[in-house]
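**Student:** Encoded as structure tokens, here's the structure I'll be asking about.
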Amino acid sequence: MLPGFSAKRKGEEIELTLSDGVSEERLRMPALELAEALARLEAPGYPTMDPEELEDEPDDAPNYTTATVELSEPEGLLTLRKVRVPGPDLLELTTPAGSVYEFEWRRALDYLEPLLPR
């Protein structure tokens with residue numbers, strides 16, 4: 001488990017619990033849709049840059065990939081971003097409420113993979 005991030009598989013769905021230490025959000029979505037969204041974030045052809053190149057680029061340079069998942073509960077979209085930065089890449093999650101959570105990409109993926117359909 002990662003601090004501020006936990007997940008449970010419930011049948012065909014997965015429930016993410018995200019916390020900033022003060023408040024907590026529970027998001028339920030089809031596990032297959034989450035797996036597909038995470039795969040799209042790493043798909044070849046998406047505009048990404050090497051972390052070393054980011055240091056010399058303007059702030060508006062494309063340094064992330066984005067995918068969305070339609071939630072079962074609450075209604076709305078969860079936006080996922082793989083953010084490429086110097087150091088470990090980040091998984092950024094934006095909830096329908098507008099909250100933004102960031103986790104180390106590889107650690108989050110390693111945590112979620114056993115819960116996702118293959």
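By order of appearance in the structure tokens: chains A, B, ..., then residues from 1 within every chain, and ligands from 1 in the order shown.
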Contacts of Leu91 in chain A at 7 Å or less, counting only C-alpha atoms, minus same-chain residues fewer than 6 places along, as number ranges by chain?

**Tutor:** A: 80-83, 102-105

**Student:** So the first atom is CA of Leu116 in chain A and the second is CA of Glu42 in chain A; what is the distance between them in Å, to one decimal place?

**Tutor:**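 These two atoms are separated by 15.8 Å.
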
**Student:** Can you pull out every residue within 7 Å of Glu13 in chain A, counting only C-alpha atoms, but drop anything in the same chain fewer than 4 positions away, and send it as a list in words?

**Tutor:** Arg9, Arg28, Met29, Pro30 and Ala31 of chain A

**Student:** Where in chain A does DSSP assign helix (DSSP H, G or I), given as a PyMOL selection string?

**Tutor:** chain A and resi 31-41+51-54+105-115

**Student:** So which residues touch Leu109 in chain A within 12 Å, counting only C-alpha atoms, skipping near sequence neighbours fewer than 2 positions away, as a list in words?

**Tutor:**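 Listing them by chain and then by number gives Met1, Leu2, Phe5, Ser6, Ala7, Leu34, Ala35, Ala37, Leu38, Ala39, Leu41, Glu42, Lys82, Asp89, Leu90, Leu91, Glu92, Phe103, Glu104, Trp105, Arg106, Arg107, Tyr111, Leu112, Glu113, Pro114, Leu115 and Leu116 of chain A.
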
**Student:** Please indicate the distance in Å from CA of Glu15 in chain A to CA of Pro74 in chain A, rounded to one decimal place.

**Tutor:**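 For CA of Glu15 in chain A relative to CA of Pro74 in chain A, the distance reads 10.9 Å.
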